[in-house]
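Written below as structure tokens is the structure these notes are about.
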Amino acid sequence: MSEKGSDNKDEPAEGDSFVGVSTGDKSPGPSHRPSSAGKSPRSPYNSEKMDAAGAALEEKVRMQLAHELYMNENMEIGMPDPGSIVGQVKQIVHRAFWDSVRAGIEKEPPDYSHCIRLISEIRDIILELIPTGPQGQKLRSQITEVMDTDLYLQQITNDTFDLKSVSQYVVSILLSLCAPARDASVRAIGEMGDPVETLRAIFSVLDLIRLDFVNYQLRTLRPTLLAQSVQYEQSKFRAMLERDPGSLDKTKAWLATTVEAMRSENQVVTPTTTLECAFWRLIEGKVDCAPETVAMDMGRYSVLSKELSAVVFAASCILILQNGVGPPVQHDAFANKVRVVVYQLCSLEYISHPRDLIDHMAEKLLDVVKETNKTRTLTDDECDKIRSMLKQLSAIENPVYVLLWKRARMYFTSLSGSTSAITPPDGFSVCMSDLQGVASKYTHLVSYNRGVFGPFYADLIPQIMSGDGAGAASSTRDTDS
């Protein structure tokens with residue numbers, strides 16, 4: 001944030017949002033909307049008070065904000081994607097509104113009722129953005145005095161109202177509040193001739209400035225927020241559970257299915273091993289519906305699954321080729337080339353698993369072998385053999401891939417349940433740093449989840465193990481079907 005807005009380091013008003021982050025929903029003072037303008041349609045920029053259902057939704061959004069803030073250190077709140085459904089609806093609503101504003105201005109004599117309401121809302125938004133303190137209070141009083149809607153109504157009556165001068169004043173105020181990166185956009189508003197487009201541009205810039213302020217506050221307060229995030233998210237989830245006791249049904253099904261699977265494989269079932277196995281099933285994609293306690297991270301687990309599959313697949317290719325071809329390719333330079341080829345192909349969005357591209361990948365890796373093995377030209381039979389070795393990885397139960405996947409699982413599980421150093425597994429060659437990177441993200445996800453939802457798991461898992469929650473999995477599946 002620019003020095004122009006440096007006063008906004010002051011703490012936001014208590015109760016505005018999650019531990020002090022202002023979302024711009026509340027005005028710092030009383031409303032200044034003129035009653036004489038009350039008959040004009042409410043603009044799409046004006047926010048209504050939320051009802052009980054909306055308040056519950058807001059609590060959920062705040063919980064998600066706290067969660068995202070912890071998980072993503074670079075998190076910023078942004079504008080809706082214009083191509084999304086929300087963005088398209090917004091464009092349609094705004095277009096209809098601004099058409100009505102233009103129709104009013106173009107009447108003879110002009111009807112400025114829409115404009116007065118918009119100017120009032122612009123003023124209120126600006127007042128929200130002004131920092132607290134003596135200087136802020138002085139500026140707030142000045143703006144309230146200058147942007148007096150009663151005065152504007154008198155000017156309209158006397159045919160002396162000048163919308164252009166009002167817009168110029170607003171631009172001068174915005175230049176004192178916005179970040180330097182917004183200066184060019186704000187100055188451009190002052191050069192616009194169309195009054196409707198001028199007002200529309202002012203609201204667009206105000207939206208961006210409000211986002212700048214919110215994101216600045218998030219960055220500034222992040223250390224404080226992180227210290228409270230576990231307790232905050234836990235308390236919000238507990239409140240949701242009190243309102244809706246069924247808020248853990250999918251979590252019960254997830255844990256119950258995990259226990260069933262572990263017992264069918266003769267694994268030792270304890271609360272600790274159950275959680276370890278349950279989280280790993282998220283990586284393996286063996287969860288039919290998102291459990292409530294991990295719903296906000298399902299996308300992250302999906303990404304981690306794809307990343308881990310690429311790492312294990314690349315390591316498998318390297319092992320197969322180096323053992324099958326021999327000394328000419330048994331060095332890190334070759335292994336790195338294989339790694340790059342596999343990762344590039346796995347980065348394609350439509351690929352869910354590396355084996356989906358095995359034919360194309362085999363040809364690419366064969367080219368790498370030929371390029372590396374310059375001592376002699378490979379025969380057709382040798383090329384076919386290499387292709388055959390690589391294409392064996394398309395089998396889900398390929399022994400090399402299965403072995404490395406099991407090693408990765410043991411490594412991930414050990415990391416998430418230990419505070420001491422864990423020895424990395426063998427067989428990952430030049431992919432070891434990549435494996436450790438994925439493992440670090442996985443451990444971060446799991447440890448935070450257990451910190452927030454540990455008390456709920458501690459209640460649920462013993463019930464499921466004893467049979468009290470045995471019907472959870474089947475009942476939830478029946479509900480979903």
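Just so we're on the same page: first chain in the structure tokens is A, next is B, and so on; residues restart at 1 for each chain, and ligands are numbered from 1 in the order they show up.
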Give the helix (DSSP H, G or I) residues of range 83-317 of chain A, as DSSP finds them on the backbone, and put them as a ChimeraX atom specification. /A:85-105,113-129,134-146,149-157,163-177,180-190,195-243,245-264,271-283,292-317
Excluding Thr251 in chain A and any residue of its chain fewer than 2 positions from it, enumerate the residues within 8 Å of it, using only C-alpha atoms, and give them as a PDB file with C-alpha atoms, in the first residue's frame.
ATOM      1  CA  LEU A 248     -20.000 -34.376  10.215  1.00  0.00           C
ATOM      2  CA  ASP A 249     -21.886 -37.092   8.332  1.00  0.00           C
ATOM      3  CA  ALA A 253     -18.393 -42.008   6.356  1.00  0.00           C
ATOM      4  CA  TRP A 254     -14.812 -41.198   5.317  1.00  0.00           C
ATOM      5  CA  LEU A 255     -13.394 -42.515   8.592  1.00  0.00           C
ATOM      6  CA  ALA A 290     -15.567 -34.533   0.312  1.00  0.00           C
ATOM      7  CA  PRO A 291     -15.552 -34.920   4.122  1.00  0.00           C
ATOM      8  CA  GLU A 292     -16.653 -31.708   5.839  1.00  0.00           C
ATOM      9  CA  THR A 293     -13.370 -31.435   7.743  1.00  0.00           C
TER      10      THR A 293
END
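Note that CA of Val294 in chain A and CA of Phe237 in chain A are 11.7 Å apart.
CA of Arg300 in chain A to CA of Lys364 in chain A spans 29.3 Å [interatomic distance, one decimal].
Going from CA of His67 in chain A to CA of Arg281 in chain A covers 21.7 Å.
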Residue nearest Arg102 in chain A among A:Val196, A:Val146, A:Ala66, A:Val171 (counting only C-alpha atoms):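 Closest residue, counting only C-alpha atoms: A:Val196.
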Just the residues within 12 Å of Met262 in chain A, please, counting only C-alpha atoms, with nothing from its chain fewer than 4 positions along; format it as a list in words. Leu255, Ala256, Thr257, Thr258, Asn266, Gln267, Val268, Val269, Thr270, Pro271, Thr273, Thr274, Leu275, Glu276, Cys277, Ala278, Arg281 and Met465 of chain A
Can I get the residues of range 307-373 of chain A within 12 Å of range 406-425 of chain A, each with the closest pair of atoms and their distance in Å to one decimal, using only C-alpha atoms, sorted chain first then ascending number, as JSON lines?
{"residue": "A:Leu308", "atom": "CA", "partner": "A:Ala408", "partner_atom": "CA", "distance": 8.5}
{"residue": "A:Ser309", "atom": "CA", "partner": "A:Ala408", "partner_atom": "CA", "distance": 10.1}
{"residue": "A:Val311", "atom": "CA", "partner": "A:Ala408", "partner_atom": "CA", "distance": 9.7}
{"residue": "A:Val312", "atom": "CA", "partner": "A:Ala408", "partner_atom": "CA", "distance": 8.0}
{"residue": "A:Phe313", "atom": "CA", "partner": "A:Ala408", "partner_atom": "CA", "distance": 11.7}
{"residue": "A:Ala315", "atom": "CA", "partner": "A:Ala408", "partner_atom": "CA", "distance": 11.1}
Give me the residues near Leu321 in chain A as a short mmCIF file (atom, residue, chain, number, x, y, z; two decimals) with N, CA, C and O atoms, in the first residue's frame, where near means some atom within 10 Å (using only C-alpha atoms) and where sequence neighbours in that chain fewer than 3 positions away do not count.
data_model
loop_
_atom_site.label_atom_id
_atom_site.label_comp_id
_atom_site.auth_asym_id
_atom_site.auth_seq_id
_atom_site.Cartn_x
_atom_site.Cartn_y
_atom_site.Cartn_z
N SER A 316 10.34 -43.96 -11.52
CA SER A 316 10.19 -45.31 -12.08
C SER A 316 10.82 -45.40 -13.46
O SER A 316 11.51 -46.38 -13.79
N CYS A 317 10.58 -44.40 -14.30
CA CYS A 317 11.17 -44.38 -15.65
C CYS A 317 12.69 -44.38 -15.59
O CYS A 317 13.37 -45.09 -16.36
N ILE A 318 13.23 -43.58 -14.67
CA ILE A 318 14.69 -43.50 -14.54
C ILE A 318 15.26 -44.86 -14.13
O ILE A 318 16.26 -45.34 -14.70
N GLY A 324 17.77 -51.04 -17.54
CA GLY A 324 17.56 -51.76 -18.79
C GLY A 324 18.58 -51.43 -19.86
O GLY A 324 19.00 -52.31 -20.62
N VAL A 325 18.98 -50.17 -19.92
CA VAL A 325 19.93 -49.75 -20.98
C VAL A 325 21.37 -49.94 -20.54
O VAL A 325 22.25 -50.29 -21.35
N GLY A 326 21.63 -49.66 -19.25
CA GLY A 326 22.98 -49.90 -18.76
C GLY A 326 23.83 -48.65 -18.59
O GLY A 326 23.32 -47.52 -18.55
N VAL A 329 23.59 -44.68 -19.77
CA VAL A 329 22.59 -43.72 -19.26
C VAL A 329 22.56 -43.69 -17.73
O VAL A 329 21.66 -43.10 -17.14
N GLN A 330 23.55 -44.29 -17.11
CA GLN A 330 23.56 -44.35 -15.65
C GLN A 330 24.30 -43.16 -15.05
O GLN A 330 25.35 -43.29 -14.42
N PHE A 334 21.43 -37.72 -17.52
CA PHE A 334 20.36 -38.45 -18.20
C PHE A 334 19.10 -38.48 -17.35
O PHE A 334 17.98 -38.23 -17.85
N ALA A 335 19.29 -38.76 -16.05
CA ALA A 335 18.13 -38.84 -15.15
C ALA A 335 17.37 -37.51 -15.12
O ALA A 335 16.14 -37.49 -15.11
N VAL A 338 15.20 -37.16 -18.26
CA VAL A 338 13.99 -37.98 -18.15
C VAL A 338 12.98 -37.28 -17.23
O VAL A 338 11.78 -37.18 -17.54
N LEU A 365 10.92 -40.46 -24.31
CA LEU A 365 12.04 -40.95 -23.51
C LEU A 365 13.01 -41.78 -24.35
O LEU A 365 14.22 -41.79 -24.07
N LEU A 366 12.50 -42.47 -25.35
CA LEU A 366 13.38 -43.19 -26.27
C LEU A 366 14.30 -42.21 -26.99
O LEU A 366 15.49 -42.49 -27.19
N VAL A 369 17.08 -41.37 -24.67
CA VAL A 369 18.07 -42.46 -24.63
C VAL A 369 18.98 -42.38 -25.85
O VAL A 369 20.22 -42.48 -25.73
N ILE A 386 13.06 -51.08 -25.27
CA ILE A 386 12.93 -49.91 -24.39
C ILE A 386 11.48 -49.44 -24.33
O ILE A 386 10.95 -49.14 -23.27
N ARG A 387 10.82 -49.42 -25.50
CA ARG A 387 9.41 -49.04 -25.52
C ARG A 387 8.58 -49.99 -24.65
O ARG A 387 7.71 -49.57 -23.89
N MET A 389 9.55 -51.84 -22.11
CA MET A 389 9.83 -51.65 -20.69
C MET A 389 9.05 -50.47 -20.13
O MET A 389 8.46 -50.54 -19.04
N LEU A 390 9.04 -49.38 -20.89
CA LEU A 390 8.35 -48.18 -20.43
C LEU A 390 6.83 -48.37 -20.42
O LEU A 390 6.14 -47.92 -19.50
#
Hey, which bits of range 224-285 of chain A sit within 8 Å of range 442-456 of chain A, and for each residue what's the closest pair of atoms and how far apart in Å (one decimal), counting only C-alpha atoms, rows by chain and increasing number, as a tab-separated table?
residue	atom	partner	partner_atom	distance
A:Val230	CA	A:Val452	CA	5.2
A:Gln231	CA	A:Val452	CA	7.0
A:Glu233	CA	A:Val452	CA	6.7
A:Gln234	CA	A:Val452	CA	5.2
A:Phe279	CA	A:Val446	CA	7.3
Print the selection's residues with N, CA, C and O atoms to a file, as an mmCIF file, in the first residue's frame.
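Saved the output as selection-v4.cif:
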data_model
loop_
_atom_site.group_PDB
_atom_site.id
_atom_site.type_symbol
_atom_site.label_atom_id
_atom_site.label_comp_id
_atom_site.auth_asym_id
_atom_site.auth_seq_id
_atom_site.Cartn_x
_atom_site.Cartn_y
_atom_site.Cartn_z
ATOM 1 N N VAL A 230 -6.078 -21.538 14.091
ATOM 2 C CA VAL A 230 -6.552 -22.869 14.495
ATOM 3 C C VAL A 230 -7.754 -22.740 15.426
ATOM 4 O O VAL A 230 -8.800 -23.370 15.212
ATOM 5 N N GLN A 231 -7.612 -21.900 16.474
ATOM 6 C CA GLN A 231 -8.707 -21.739 17.430
ATOM 7 C C GLN A 231 -9.925 -21.105 16.757
ATOM 8 O O GLN A 231 -11.060 -21.483 17.037
ATOM 9 N N GLU A 233 -10.848 -21.198 13.476
ATOM 10 C CA GLU A 233 -11.523 -22.124 12.570
ATOM 11 C C GLU A 233 -12.237 -23.229 13.344
ATOM 12 O O GLU A 233 -13.349 -23.637 12.984
ATOM 13 N N GLN A 234 -11.601 -23.668 14.410
ATOM 14 C CA GLN A 234 -12.223 -24.712 15.233
ATOM 15 C C GLN A 234 -13.517 -24.212 15.870
ATOM 16 O O GLN A 234 -14.535 -24.920 15.886
ATOM 17 N N PHE A 279 -6.098 -39.846 5.519
ATOM 18 C CA PHE A 279 -5.497 -38.746 4.747
ATOM 19 C C PHE A 279 -4.838 -39.270 3.471
ATOM 20 O O PHE A 279 -4.890 -38.626 2.423
#
